[in-house]
>>> print(open('entry-v5.cif').read())   # mmCIF, C-alpha atoms
data_work
loop_
_atom_site.group_PDB
_atom_site.id
_atom_site.type_symbol
_atom_site.label_atom_id
_atom_site.label_comp_id
_atom_site.auth_asym_id
_atom_site.auth_seq_id
_atom_site.Cartn_x
_atom_site.Cartn_y
_atom_site.Cartn_z
ATOM 1 C CA PHE A 1 -226.886 5.519 122.242
ATOM 2 C CA ALA A 2 -227.740 8.942 123.623
ATOM 3 C CA PRO A 3 -230.502 10.511 125.692
ATOM 4 C CA ALA A 4 -232.056 11.669 122.419
ATOM 5 C CA LEU A 5 -233.432 8.138 122.122
ATOM 6 C CA CYS A 6 -235.963 9.052 124.789
ATOM 7 C CA THR A 7 -239.361 9.266 123.159
ATOM 8 C CA LEU A 8 -242.824 8.524 124.413
ATOM 9 C CA GLY A 9 -243.690 5.849 126.829
ATOM 10 C CA SER A 10 -247.122 4.648 127.811
ATOM 11 C CA ARG A 11 -248.322 3.742 124.351
ATOM 12 C CA GLY A 12 -248.806 0.155 125.204
ATOM 13 C CA TRP A 13 -252.548 0.168 125.302
ATOM 14 C CA ALA A 14 -249.982 0.031 125.409
ATOM 15 C CA GLY A 15 -245.691 2.786 136.228
ATOM 16 C CA GLY A 16 -243.592 2.476 138.358
ATOM 17 C CA THR A 17 -241.132 5.155 139.313
ATOM 18 C CA TRP A 18 -237.644 5.106 140.654
ATOM 19 C CA SER A 19 -236.608 6.759 143.887
ATOM 20 C CA ASP A 20 -233.250 5.100 144.399
ATOM 21 C CA TRP A 21 -230.165 7.255 144.577
ATOM 22 C CA MET A 22 -226.496 6.341 144.607
ATOM 23 C CA CYS A 23 -225.009 6.620 148.054
ATOM 24 C CA PRO A 24 -221.651 8.455 147.870
ATOM 25 C CA GLY A 25 -218.842 6.451 149.358
ATOM 26 C CA HIS A 26 -220.832 3.237 149.689
ATOM 27 C CA GLY A 27 -221.579 2.231 146.100
ATOM 28 C CA THR A 28 -225.062 0.945 146.922
ATOM 29 C CA LEU A 29 -228.588 1.867 145.953
ATOM 30 C CA LEU A 30 -230.830 3.057 148.765
ATOM 31 C CA PRO A 31 -234.578 2.317 148.651
ATOM 32 C CA GLN A 32 -235.295 5.686 150.248
ATOM 33 C CA VAL A 33 -233.836 9.116 149.675
ATOM 34 C CA ASP A 34 -231.313 10.178 152.315
ATOM 35 C CA VAL A 35 -232.367 13.691 153.323
ATOM 36 C CA ALA A 36 -228.852 14.758 154.270
ATOM 37 C CA ALA A 37 -227.533 13.475 150.944
ATOM 38 C CA MET A 38 -230.229 15.431 149.112
ATOM 39 C CA VAL A 39 -229.274 18.606 150.988
ATOM 40 C CA ARG A 40 -225.657 18.110 149.931
ATOM 41 C CA LEU A 41 -226.814 17.424 146.400
ATOM 42 C CA PHE A 42 -228.700 20.712 146.197
ATOM 43 C CA GLY A 43 -225.561 22.444 147.399
ATOM 44 C CA TYR A 44 -223.940 21.499 144.092
ATOM 45 C CA VAL A 45 -226.796 22.742 141.932
ATOM 46 C CA ASP A 46 -227.593 26.312 140.972
ATOM 47 C CA VAL A 47 -231.296 26.078 140.199
ATOM 48 C CA THR A 48 -231.307 29.736 139.107
ATOM 49 C CA ASP A 49 -228.846 29.050 136.287
ATOM 50 C CA THR A 50 -230.409 29.873 132.919
ATOM 51 C CA GLY A 51 -229.341 26.585 131.365
ATOM 52 C CA PHE A 52 -230.839 24.609 134.235
ATOM 53 C CA ILE A 53 -234.148 26.475 133.997
ATOM 54 C CA VAL A 54 -234.283 25.942 130.230
ATOM 55 C CA ALA A 55 -233.676 22.212 130.751
ATOM 56 C CA VAL A 56 -236.500 21.997 133.306
ATOM 57 C CA LEU A 57 -238.870 23.826 130.961
ATOM 58 C CA SER A 58 -237.966 21.596 128.013
ATOM 59 C CA ILE A 59 -238.512 18.465 130.123
ATOM 60 C CA ALA A 60 -241.913 19.668 131.324
ATOM 61 C CA PHE A 61 -242.995 20.978 127.920
ATOM 62 C CA ASN A 62 -242.636 17.776 125.917
ATOM 63 C CA PRO A 63 -245.323 15.574 127.543
ATOM 64 C CA PHE A 64 -247.565 18.627 127.888
ATOM 65 C CA PHE A 65 -247.222 19.316 124.158
ATOM 66 C CA TRP A 66 -247.924 15.805 122.906
ATOM 67 C CA ASN A 67 -250.858 15.308 125.248
ATOM 68 C CA VAL A 68 -252.518 18.602 124.283
ATOM 69 C CA VAL A 69 -251.987 18.091 120.543
ATOM 70 C CA ALA A 70 -253.043 14.431 120.617
ATOM 71 C CA ARG A 71 -256.241 15.134 122.537
ATOM 72 C CA TRP A 72 -257.032 18.032 120.227
ATOM 73 C CA GLU A 73 -256.578 15.700 117.256
ATOM 74 C CA HIS A 74 -258.744 13.024 118.854
ATOM 75 C CA LYS A 75 -261.509 15.579 119.391
ATOM 76 C CA THR A 76 -261.335 17.452 116.064
ATOM 77 C CA GLN A 77 -259.352 15.255 113.588
ATOM 78 C CA ALA A 78 -257.836 18.559 112.450
ATOM 79 C CA LEU A 79 -254.331 17.202 111.808
ATOM 80 C CA SER A 80 -255.715 14.273 109.831
ATOM 81 C CA GLN A 81 -257.598 16.705 107.622
ATOM 82 C CA ILE A 82 -254.559 18.956 107.163
ATOM 83 C CA PHE A 83 -252.190 16.103 106.247
ATOM 84 C CA GLY A 84 -254.738 14.091 104.273
ATOM 85 C CA SER A 85 -254.875 10.971 106.463
ATOM 86 C CA PRO A 86 -254.565 9.937 110.118
ATOM 87 C CA ARG A 87 -251.403 7.951 109.421
ATOM 88 C CA ALA A 88 -249.622 10.866 107.705
ATOM 89 C CA ALA A 89 -250.638 13.180 110.533
ATOM 90 C CA CYS A 90 -249.370 10.716 113.130
ATOM 91 C CA TYR A 91 -246.015 10.432 111.368
ATOM 92 C CA CYS A 92 -245.661 14.221 111.247
ATOM 93 C CA LEU A 93 -246.474 14.583 114.935
ATOM 94 C CA GLY A 94 -244.028 11.797 115.729
ATOM 95 C CA ALA A 95 -241.293 13.629 113.820
ATOM 96 C CA VAL A 96 -241.976 16.823 115.780
ATOM 97 C CA ILE A 97 -241.846 14.907 119.065
ATOM 98 C CA LEU A 98 -238.502 13.355 118.117
ATOM 99 C CA VAL A 99 -237.065 16.810 117.367
ATOM 100 C CA LEU A 100 -238.367 18.158 120.670
ATOM 101 C CA ASN A 101 -236.805 15.224 122.501
ATOM 102 C CA CYS A 102 -233.466 15.916 120.849
ATOM 103 C CA VAL A 103 -233.750 19.527 122.024
ATOM 104 C CA ARG A 104 -234.604 18.313 125.528
ATOM 105 C CA SER A 105 -231.574 16.022 125.613
ATOM 106 C CA HIS A 106 -229.317 18.832 124.376
ATOM 107 C CA CYS A 107 -230.613 21.193 127.082
ATOM 108 C CA PHE A 108 -230.185 18.449 129.697
ATOM 109 C CA THR A 109 -226.567 17.832 128.682
ATOM 110 C CA GLU A 110 -225.670 21.529 128.512
ATOM 111 C CA ALA A 111 -227.196 22.099 131.962
ATOM 112 C CA MET A 112 -225.000 19.324 133.368
ATOM 113 C CA ARG A 113 -221.848 20.669 131.743
ATOM 114 C CA SER A 114 -222.423 24.178 133.068
ATOM 115 C CA GLN A 115 -222.529 23.012 136.706
ATOM 116 C CA PRO A 116 -219.936 21.339 138.945
ATOM 117 C CA LYS A 117 -219.349 17.619 139.204
ATOM 118 C CA LEU A 118 -219.563 15.656 142.443
ATOM 119 C CA GLU A 119 -215.918 14.789 143.063
ATOM 120 C CA GLY A 120 -216.649 11.575 144.954
ATOM 121 C CA TRP A 121 -218.512 10.221 141.931
ATOM 122 C CA ASP A 122 -216.011 11.276 139.292
ATOM 123 C CA CYS A 123 -214.484 7.805 139.010
ATOM 124 C CA HIS A 124 -214.514 4.711 136.803
ATOM 125 C CA TRP A 125 -216.929 2.808 139.056
ATOM 126 C CA THR A 126 -219.627 5.486 138.817
ATOM 127 C CA TYR A 127 -219.020 5.980 135.106
ATOM 128 C CA TYR A 128 -219.469 2.306 134.257
ATOM 129 C CA SER A 129 -222.456 2.012 136.602
ATOM 130 C CA GLY A 130 -224.083 4.875 134.717
ATOM 131 C CA LEU A 131 -223.182 3.252 131.421
ATOM 132 C CA ALA A 132 -224.873 0.004 132.498
ATOM 133 C CA ILE A 133 -228.013 1.820 133.659
ATOM 134 C CA SER A 134 -228.194 3.712 130.360
ATOM 135 C CA ALA A 135 -227.760 0.477 128.438
ATOM 136 C CA VAL A 136 -230.696 -1.108 130.271
ATOM 137 C CA GLY A 137 -232.781 2.007 129.624
ATOM 138 C CA THR A 138 -231.880 1.931 125.951
ATOM 139 C CA LEU A 139 -232.924 -1.727 125.791
ATOM 140 C CA PHE A 140 -236.349 -0.826 127.192
ATOM 141 C CA VAL A 141 -236.773 2.112 124.797
ATOM 142 C CA ILE A 142 -235.771 0.206 121.651
ATOM 143 C CA SER A 143 -237.672 -2.980 122.525
ATOM 144 C CA SER A 144 -240.778 -0.912 123.322
ATOM 145 C CA PHE A 145 -240.567 0.794 119.946
ATOM 146 C CA LEU A 146 -240.152 -2.527 118.148
ATOM 147 C CA ALA A 147 -243.134 -3.994 120.007
ATOM 148 C CA LEU A 148 -245.418 -1.034 119.325
ATOM 149 C CA GLY A 149 -244.244 0.248 115.945
ATOM 150 C CA PHE A 150 -244.130 3.924 114.995
ATOM 151 C CA THR A 151 -247.849 4.676 115.241
ATOM 152 C CA GLY A 152 -248.206 2.609 118.401
ATOM 153 C CA THR A 153 -245.402 4.605 119.985
ATOM 154 C CA PHE A 154 -246.393 8.035 118.739
ATOM 155 C CA LEU A 155 -250.014 8.322 119.844
ATOM 156 C CA GLY A 156 -251.583 6.519 116.922
ATOM 157 C CA ASP A 157 -254.582 5.555 119.033
ATOM 158 C CA TYR A 158 -255.488 9.248 119.325
ATOM 159 C CA PHE A 159 -255.578 9.338 115.525
ATOM 160 C CA GLY A 160 -257.893 6.339 115.344
ATOM 161 C CA ILE A 161 -255.039 3.965 114.457
ATOM 162 C CA LEU A 162 -255.816 1.326 117.052
ATOM 163 C CA MET A 163 -253.959 -1.865 117.832
ATOM 164 C CA GLU A 164 -255.814 -5.158 117.519
ATOM 165 C CA GLU A 165 -254.858 -6.327 120.987
ATOM 166 C CA LYS A 166 -252.905 -5.228 124.011
ATOM 167 C CA VAL A 167 -249.129 -5.581 123.735
ATOM 168 C CA THR A 168 -247.895 -8.047 126.341
ATOM 169 C CA SER A 169 -244.519 -9.041 124.901
ATOM 170 C CA PHE A 170 -241.185 -7.873 126.335
ATOM 171 C CA PRO A 171 -240.683 -5.330 127.839
ATOM 172 C CA PHE A 172 -244.409 -4.844 128.589
ATOM 173 C CA SER A 173 -244.399 -8.304 130.157
ATOM 174 C CA ILE A 174 -242.224 -7.070 133.026
ATOM 175 C CA LEU A 175 -242.936 -3.333 133.284
ATOM 176 C CA ASP A 176 -245.732 -0.876 132.588
ATOM 177 C CA ASN A 177 -244.772 2.141 130.485
ATOM 178 C CA PRO A 178 -241.288 0.744 129.760
ATOM 179 C CA MET A 179 -240.389 3.487 127.312
ATOM 180 C CA TYR A 180 -240.977 6.199 129.898
ATOM 181 C CA TRP A 181 -238.955 4.449 132.563
ATOM 182 C CA GLY A 182 -236.344 3.360 130.052
ATOM 183 C CA SER A 183 -235.961 7.021 129.096
ATOM 184 C CA THR A 184 -235.647 7.971 132.751
ATOM 185 C CA ALA A 185 -232.972 5.304 133.227
ATOM 186 C CA ILE A 186 -230.999 6.700 130.284
ATOM 187 C CA TYR A 187 -230.983 10.145 131.859
ATOM 188 C CA LEU A 188 -230.042 8.682 135.238
ATOM 189 C CA GLY A 189 -227.149 6.788 133.699
ATOM 190 C CA TRP A 190 -226.101 9.833 131.681
ATOM 191 C CA SER A 191 -226.016 11.880 134.914
ATOM 192 C CA LEU A 192 -223.892 9.301 136.741
ATOM 193 C CA MET A 193 -221.488 9.090 133.809
ATOM 194 C CA HIS A 194 -220.965 12.848 134.174
ATOM 195 C CA ALA A 195 -220.950 12.713 138.013
ATOM 196 C CA SER A 196 -223.523 15.488 137.813
ATOM 197 C CA PRO A 197 -225.766 16.489 140.741
ATOM 198 C CA ALA A 198 -227.614 18.810 138.350
ATOM 199 C CA GLY A 199 -228.233 15.840 136.071
ATOM 200 C CA LEU A 200 -229.642 13.789 138.927
ATOM 201 C CA LEU A 201 -232.006 16.589 139.875
ATOM 202 C CA LEU A 202 -233.106 16.968 136.251
ATOM 203 C CA THR A 203 -233.622 13.200 136.063
ATOM 204 C CA ALA A 204 -236.016 13.523 138.989
ATOM 205 C CA VAL A 205 -237.884 16.172 136.968
ATOM 206 C CA VAL A 206 -238.047 13.727 134.047
ATOM 207 C CA ALA A 207 -239.500 11.023 136.310
ATOM 208 C CA ILE A 208 -242.076 13.430 137.742
ATOM 209 C CA SER A 209 -243.127 14.676 134.307
ATOM 210 C CA TYR A 210 -243.580 11.109 133.064
ATOM 211 C CA THR A 211 -245.534 10.154 136.186
ATOM 212 C CA ILE A 212 -247.941 13.025 135.570
ATOM 213 C CA ALA A 213 -248.183 12.095 131.892
ATOM 214 C CA VAL A 214 -249.113 8.511 132.805
ATOM 215 C CA LEU A 215 -251.879 9.771 135.104
ATOM 216 C CA TYR A 216 -253.399 11.709 132.202
ATOM 217 C CA GLU A 217 -252.710 9.285 129.358
ATOM 218 C CA GLY A 218 -253.578 5.981 130.978
ATOM 219 C CA PRO A 219 -257.310 6.538 131.650
ATOM 220 C CA PHE A 220 -257.782 8.366 128.337
ATOM 221 C CA THR A 221 -256.184 5.580 126.308
ATOM 222 C CA GLU A 222 -258.164 2.940 128.182
ATOM 223 C CA GLU A 223 -261.351 4.827 127.358
ATOM 224 C CA ILE A 224 -260.456 4.875 123.641
ATOM 225 C CA TYR A 225 -260.111 1.085 123.610
ATOM 226 C CA ARG A 226 -263.155 0.594 125.803
ATOM 227 C CA ARG A 227 -265.213 2.430 123.199
ATOM 228 C CA LYS A 228 -263.639 0.303 120.468
ATOM 229 C CA GLN A 229 -264.577 -2.910 122.270
ATOM 230 C CA LYS A 230 -268.063 -1.619 122.982
ATOM 231 C CA GLY A 231 -268.534 -0.668 119.322
ATOM 232 C CA GLY A 232 -267.333 -4.081 118.188
ATOM 233 C CA LYS A 233 -269.775 -5.899 120.449
ATOM 234 C CA SER A 234 -272.717 -3.785 119.274
ATOM 235 C CA LYS A 235 -272.232 -4.742 115.610
#
>>> encode(input="entry-v5.cif", output="structure tokens")
Amino acid sequence: FAPALCTLGSRGWAGGTWSDWMCPGHGTLLPQVDVAAMVRLFGYVDVTDTGFIVAVLSIAFNPFFWNVVARWEHKTQALSQIFGSPRAACYCLGAVILVLNCVRSHCFTEAMRSQPKLEGWDCHWTYYSGLAISAVGTLFVISSFLALGFTGTFLGDYFGILMEEKVTSFPFSILDNPMYWGSTAIYLGWSLMHASPAGLLLTAVVAISYTIAVLYEGPFTEEIYRRKQKGGKSK
């Protein structure tokens, strides 16, 4: 697996966020952020580094891009007209999103490699902990995709390709927006595997960007299906 697996997330007509950080020297997860630890963490990160800034911009751009384009399509059906059908347009947008996510993952990795590691975390225990976290995240991402299908994952509801009923199977049975948080977990694990403070900070940016995306996508998607149900009852 690789962070490039990270795609969309809340398509479940399918949150929860994480705020736990690894405590250096203790090997435990804290439910709250230790302020002193965060200050030390920032001491390892050069936020003015070009690679770091590019990574932040790529992380923020992706959900902004797919939300703007999808809402534009829902309002105008322009992409469906250009590509000849809603399904073809959805597949093309999905392909673009996948490419952008690969670019995001590349920028994320390069930003980590260009900045120092946290020596206390550069050990087998942290590496395998990160590997386990990434594996769980990958499970959520792949199982979400299998449950939703391509159009269900890549904004098909904005193209008028609606699901018959809400997806409640795993992983939606245990977590809302599992693809978003699975993606975040992959980046968190990737950062721990590299003992990278810069990676942890960028993972926080990923979590924030997904949280904002959920706030915008959730009500809009619910409204799409509310109109569908209302139209079905009126027939």
>>> resolve_selection(input="entry-v5.cif", expression="the PyMOL selection byres ((chain A and resi 64) around 12)", output="JSON, numbers by chain")
{"A": [8, 57, 58, 59, 60, 61, 62, 63, 65, 66, 67, 68, 69, 70, 71, 97, 100, 209, 210, 212, 213, 214, 216, 217]}
>>> resolve_selection(input="entry-v5.cif", expression="the PyMOL selection byres ((chain A and resi 47) around 12)", output="list in words")
Leu41, Phe42, Gly43, Tyr44, Val45, Asp46, Thr48, Asp49, Thr50, Gly51, Phe52, Ile53, Val54, Ala55, Val56, Ala111, Met112, Ser114, Gln115, Pro197, Ala198, Gly199, Leu201 and Leu202 of chain A
>>> atom_distance(input="entry-v5.cif", atom1="atom CA of Leu155 of chain A", atom2="atom CA of Ala185 of chain A")
21.9 Å
>>> residues_around(input="entry-v5.cif", residues="segment 142-147 of chain A", least_positions_apart="4", cutoff="7 Å", atoms="all atoms listed in the file", output="list in words")
Thr138, Thr153, Pro171, Pro178 and Met179 of chain A
>>> resolve_selection(input="entry-v5.cif", expression="the PyMOL selection byres ((chain A and resi 152) around 12)", output="VMD selection string")
chain A and resid 8 to 14 87 90 to 91 94 144 to 151 153 to 167 179 221
>>> residues_near_point(input="entry-v5.cif", point="(-215.3, 8.5, 139.2)", cutoff="12 Å", atoms="only C-alpha atoms", output="number ranges by chain")
A: 24-25, 27, 117-130, 192-196
>>> closest_residue(input="entry-v5.cif", among="A:Val96, A:Ala89, A:Val206, A:Val141", to="Asn177 of chain A", atoms="only C-alpha atoms")
A:Val141
>>> atom_distance(input="entry-v5.cif", atom1="atom CA of Cys107 of chain A", atom2="atom CA of Tyr187 of chain A")
12.0 Å
>>> closest_residue(input="entry-v5.cif", among="A:Gln77, A:Gln229, A:Ser183, A:Ser169", to="Arg104 of chain A", atoms="all atoms listed in the file")
A:Ser183
>>> closest_residue(input="entry-v5.cif", among="A:Glu110, A:Asp176, A:Glu73, A:Glu223", to="Phe140 of chain A", atoms="all atoms listed in the file")
A:Asp176
>>> build_atoms(input="entry-v5.cif", residues="segment 81-114 of chain A", atoms="N, CA and C atoms", output="short mmCIF file (atom, residue, chain, number, x, y, z; two decimals), in the coordinates of the input")
data_model
loop_
_atom_site.label_atom_id
_atom_site.label_comp_id
_atom_site.auth_asym_id
_atom_site.auth_seq_id
_atom_site.Cartn_x
_atom_site.Cartn_y
_atom_site.Cartn_z
N GLN A 81 -257.06 15.97 108.77
CA GLN A 81 -257.60 16.70 107.62
C GLN A 81 -256.51 17.53 106.94
N ILE A 82 -255.63 18.13 107.73
CA ILE A 82 -254.56 18.96 107.16
C ILE A 82 -253.58 18.11 106.35
N PHE A 83 -253.20 16.94 106.90
CA PHE A 83 -252.19 16.10 106.25
C PHE A 83 -252.78 15.04 105.33
N GLY A 84 -254.10 14.96 105.24
CA GLY A 84 -254.74 14.09 104.27
C GLY A 84 -255.12 12.72 104.78
N SER A 85 -254.54 12.28 105.90
CA SER A 85 -254.88 10.97 106.46
C SER A 85 -254.39 10.91 107.90
N PRO A 86 -255.02 10.08 108.73
CA PRO A 86 -254.56 9.94 110.12
C PRO A 86 -253.12 9.44 110.22
N ARG A 87 -252.74 8.51 109.35
CA ARG A 87 -251.40 7.95 109.42
C ARG A 87 -250.34 9.00 109.10
N ALA A 88 -250.58 9.81 108.06
CA ALA A 88 -249.62 10.87 107.70
C ALA A 88 -249.51 11.89 108.83
N ALA A 89 -250.64 12.23 109.43
CA ALA A 89 -250.64 13.18 110.53
C ALA A 89 -249.88 12.63 111.73
N CYS A 90 -250.06 11.35 112.01
CA CYS A 90 -249.37 10.72 113.13
C CYS A 90 -247.86 10.72 112.90
N TYR A 91 -247.44 10.43 111.67
CA TYR A 91 -246.02 10.43 111.37
C TYR A 91 -245.42 11.83 111.51
N CYS A 92 -246.15 12.84 111.12
CA CYS A 92 -245.66 14.22 111.25
C CYS A 92 -245.54 14.62 112.71
N LEU A 93 -246.55 14.28 113.51
CA LEU A 93 -246.47 14.58 114.94
C LEU A 93 -245.32 13.83 115.58
N GLY A 94 -245.14 12.58 115.19
CA GLY A 94 -244.03 11.80 115.73
C GLY A 94 -242.68 12.43 115.42
N ALA A 95 -242.54 12.97 114.20
CA ALA A 95 -241.29 13.63 113.82
C ALA A 95 -241.05 14.87 114.67
N VAL A 96 -242.10 15.63 114.93
CA VAL A 96 -241.98 16.82 115.78
C VAL A 96 -241.57 16.43 117.20
N ILE A 97 -242.17 15.37 117.71
CA ILE A 97 -241.85 14.91 119.06
C ILE A 97 -240.39 14.46 119.15
N LEU A 98 -239.90 13.78 118.13
CA LEU A 98 -238.50 13.36 118.12
C LEU A 98 -237.57 14.56 118.14
N VAL A 99 -237.89 15.59 117.37
CA VAL A 99 -237.06 16.81 117.37
C VAL A 99 -237.08 17.46 118.75
N LEU A 100 -238.26 17.56 119.34
CA LEU A 100 -238.37 18.16 120.67
C LEU A 100 -237.58 17.36 121.70
N ASN A 101 -237.56 16.05 121.56
CA ASN A 101 -236.80 15.22 122.50
C ASN A 101 -235.30 15.39 122.32
N CYS A 102 -234.88 15.61 121.08
CA CYS A 102 -233.47 15.92 120.85
C CYS A 102 -233.09 17.25 121.49
N VAL A 103 -233.98 18.23 121.38
CA VAL A 103 -233.75 19.53 122.02
C VAL A 103 -233.69 19.36 123.54
N ARG A 104 -234.59 18.57 124.09
CA ARG A 104 -234.60 18.31 125.53
C ARG A 104 -233.28 17.69 125.98
N SER A 105 -232.81 16.70 125.24
CA SER A 105 -231.57 16.02 125.61
C SER A 105 -230.38 16.96 125.52
N HIS A 106 -230.39 17.84 124.51
CA HIS A 106 -229.32 18.83 124.38
C HIS A 106 -229.33 19.78 125.57
N CYS A 107 -230.50 20.28 125.94
CA CYS A 107 -230.61 21.19 127.08
C CYS A 107 -230.18 20.51 128.37
N PHE A 108 -230.57 19.24 128.52
CA PHE A 108 -230.18 18.45 129.70
C PHE A 108 -228.66 18.36 129.79
N THR A 109 -228.02 18.01 128.69
CA THR A 109 -226.57 17.83 128.68
C THR A 109 -225.84 19.14 128.94
N GLU A 110 -226.30 20.22 128.31
CA GLU A 110 -225.67 21.53 128.51
C GLU A 110 -225.82 22.00 129.95
N ALA A 111 -226.98 21.72 130.57
CA ALA A 111 -227.20 22.10 131.96
C ALA A 111 -226.23 21.35 132.88
N MET A 112 -225.96 20.08 132.58
CA MET A 112 -225.00 19.32 133.37
C MET A 112 -223.59 19.90 133.23
N ARG A 113 -223.21 20.21 132.00
CA ARG A 113 -221.85 20.67 131.74
C ARG A 113 -221.57 22.03 132.34
N SER A 114 -222.61 22.83 132.55
CA SER A 114 -222.42 24.18 133.07
C SER A 114 -222.34 24.21 134.60
#
